[in-house]
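The structure appears right after this line, and notes come after that.
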Amino acid sequence: APAPASAAPDPARAPGAPRTAARYPDLAPTPPMGWNNWSYYMCNINEKVVLDNARALVRTGLAHRGYDTVTVDDCWMSKQRGPKGELVPDRTKFPHGMAYLGAQLHRMGLKFGIYEDVGTLTCEKYPGTFGHFKQDAELFARWKVDYVKADGCNVPTTPGRSKEETYRGLYGQMSSALRATGRPMTFSVSAPAYFQFDGDSVWHRVIGWSAELGNLWRGGRDVALQQSTPAAKWNSIVYNFRYNAHLADLQRPGRWNDPDFLLAGDSGLTRHEMQSQMSLWAMMAAPLISSTDLGKLSPAAREILGNKEVIAVDQDSLGVQGHIVQQDARSAVLTKPLRNGDRAIALFNSGDSPRTLSVTAGAAGLPEADSYRLRNLVTGHRGHSDGGIVAKDVPPHGTVLYRVTPS
């Protein structure tokens, strides 16, 4: 949750602070994929942990499947800036510094992501980038950073300026500073997450300008942390799915809604629950960013994360987020058009008992055809239908994901 803001001069009226920023370059034509430490490790992060997980991405083949960006989240830096106002890595955690870390990732064929915050302090009370946008952006460029995640804790408040105006001004400054470096750095904006409970009109408007200032944006609550119970993790996955699925009309190709991390791995979730998150995130064209100890991946978790046919649904170049076309309190059906004319259809049972779920071809947005070929993207089973798309006995917390081809 956002930390309390403190009073400070008006960031939007600071000298040189633009009221608007130019559209950010299209640096993420498909949803970003990779690994981030936060959900699993939180502040228990260091050079070895990052590099061990990066090596595991390569060793398991997940990097080859597209998980290519390794992002270091909060707590990587010292509590104080250096004598010239520069950010200083925590030398106990990162003894060789961040440029070295990035170079090691690049040698593995991976990209280097880093975390900051547009406020005075990060969420964990490390130096924020407020008042240092140009300096920090240039430092990240020198470190050869490829991806920047900007949080929104501890944002100053100013009399006469709305919360939205303040956030827009700060994220605009950061967006402009990153652009000005000349180095392409994918920009993840967290602004909408701080407006989820301010009313849909404001929340959706914030998403609109976030899509101009960056490439992807966090829309709401963080997914549950590693120390949470399996039940709490599952509930957070369902919660994030439900809010994000209803933002489909606010996403567009190259600009992505981000419902937070994938928890497949050492999480206590069942195989059906891990598979459901992966399938639903793919249907929503969400970033696929793992947050677990990749060195401890079970065969099931590795298979789920590495399923190339499910990944292909997420990474489809048409870039459309799937829509809910049918739902009740314990189920949802989503449909997603794909570049070659196929449709991905997901039938999700969020309840606690098996259910048979179905949707008509028309309701799923399929064109009229004599029949339809179905491929279950998890089991590989093939079938056909004369009109209805049916998933029999979907297990509790399970999802059946079909690729459907008119024939």
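Quick note on naming: the chains in the structure tokens go A, B, ... in the order shown, residues restart at 1 in each chain, and ligands are numbered from 1 in order of appearance.
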
- From a DSSP calculation on the backbone, collect every residue of segment 158-383 of chain A in helix (DSSP H, G or I) and output the set as a VMD selection string. chain A and resid 163 to 180 191 to 194 200 to 213 230 to 245 248 to 250 271 to 283 294 to 296 299 to 305 308 to 314

- Can you list, as a PyMOL selection string, every residue of segment 85-197 of chain A that DSSP puts in strand (DSSP E)? chain A and resi 111-117+147-151+186-189

Please produce an output containing C-alpha atoms for each residue in the selection, written as a CSV table (one decimal), in the first residue's frame.
```
chain,number,residue,atom,x,y,z
A,111,LYS,CA,18.1,-7.4,-20.0
A,112,PHE,CA,18.7,-5.3,-16.9
A,113,GLY,CA,15.8,-3.8,-15.0
A,114,ILE,CA,15.9,-1.5,-12.0
A,115,TYR,CA,13.4,0.0,-9.5
A,116,GLU,CA,12.9,3.6,-8.3
A,117,ASP,CA,10.1,5.8,-7.1
A,147,TYR,CA,13.8,-1.5,-18.0
A,148,VAL,CA,12.8,1.0,-15.3
A,149,LYS,CA,9.9,0.3,-12.8
A,150,ALA,CA,8.8,3.5,-11.1
A,151,ASP,CA,6.7,3.2,-8.0
A,186,THR,CA,11.1,0.2,-21.2
A,187,PHE,CA,9.2,2.3,-18.6
A,188,SER,CA,6.8,0.6,-16.1
A,189,VAL,CA,4.5,3.2,-14.5
```

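Coordinates place atom CA of Arg339 of chain A at a distance of 13.9 Å from atom CA of Glu309 of chain A.
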
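Here the question is which of A:Leu347, A:Leu178, A:Met278, A:Val72 gets nearest to Asn307 of chain A using only C-alpha atoms, and that residue is A:Met278.
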
Report as CSV: every residue of segment 122-161 of chain A with an atom at most 9 Å from segment 84-98 of chain A, its closest pair of atoms, and their distance in Å to one decimal, counting only C-alpha atoms, with rows sorted by chain and ascending residue number.
```
residue,atom,partner,partner_atom,distance
A:Pro127,CA,A:Leu87,CA,7.6
A:Thr129,CA,A:Leu87,CA,8.9
A:His132,CA,A:Gly85,CA,7.9
A:Gln135,CA,A:Glu86,CA,7.2
A:Asp136,CA,A:Leu87,CA,7.2
A:Leu139,CA,A:Glu86,CA,8.0
A:Trp143,CA,A:Met98,CA,6.6
```

- Query: What's the 8 Å shell around Leu318 of chain A, counting only C-alpha atoms, without same-chain residues fewer than 4 positions away, as a list of chain:residue names?
  - Reply: A:Pro253, A:Pro337, A:Leu338, A:Arg339

- Item | segment 207-210 of chain A environment, 12 Å, only C-alpha atoms, sequence neighbours closer than 2 positions dropped, as number ranges by chain | A: 19-24, 150, 164-165, 167-172, 174-175, 187-196, 200-205, 212-220, 244, 247-252, 255-258

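For Gly128 of chain A, the residues within 7 Å (counting only C-alpha atoms, excluding itself and residues fewer than 6 positions away along the chain) are Glu116, Asp117, Val118, Gly119, Thr120, Leu121 and Thr122 of chain A.
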
Convert the current residue selection to file output with C-alpha atoms, as a PDB file, in the first residue's frame.
```
ATOM      1  CA  GLU A 116      12.912   3.576  -8.339  1.00  0.00           C
ATOM      2  CA  ASP A 117      10.083   5.771  -7.059  1.00  0.00           C
ATOM      3  CA  VAL A 118       8.845   9.192  -8.182  1.00  0.00           C
ATOM      4  CA  GLY A 119       8.357  10.295  -4.556  1.00  0.00           C
ATOM      5  CA  THR A 120      10.806  11.558  -1.975  1.00  0.00           C
ATOM      6  CA  LEU A 121      11.387   8.009  -0.727  1.00  0.00           C
ATOM      7  CA  THR A 122      10.729   4.546  -2.089  1.00  0.00           C
TER       8      THR A 122
END
```

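Each of A:Pro184, A:Gly306, A:Gly265, A:Pro29 was checked against Leu294 of chain A using only C-alpha atoms; the smallest atom-to-atom distance is that of A:Gly265.
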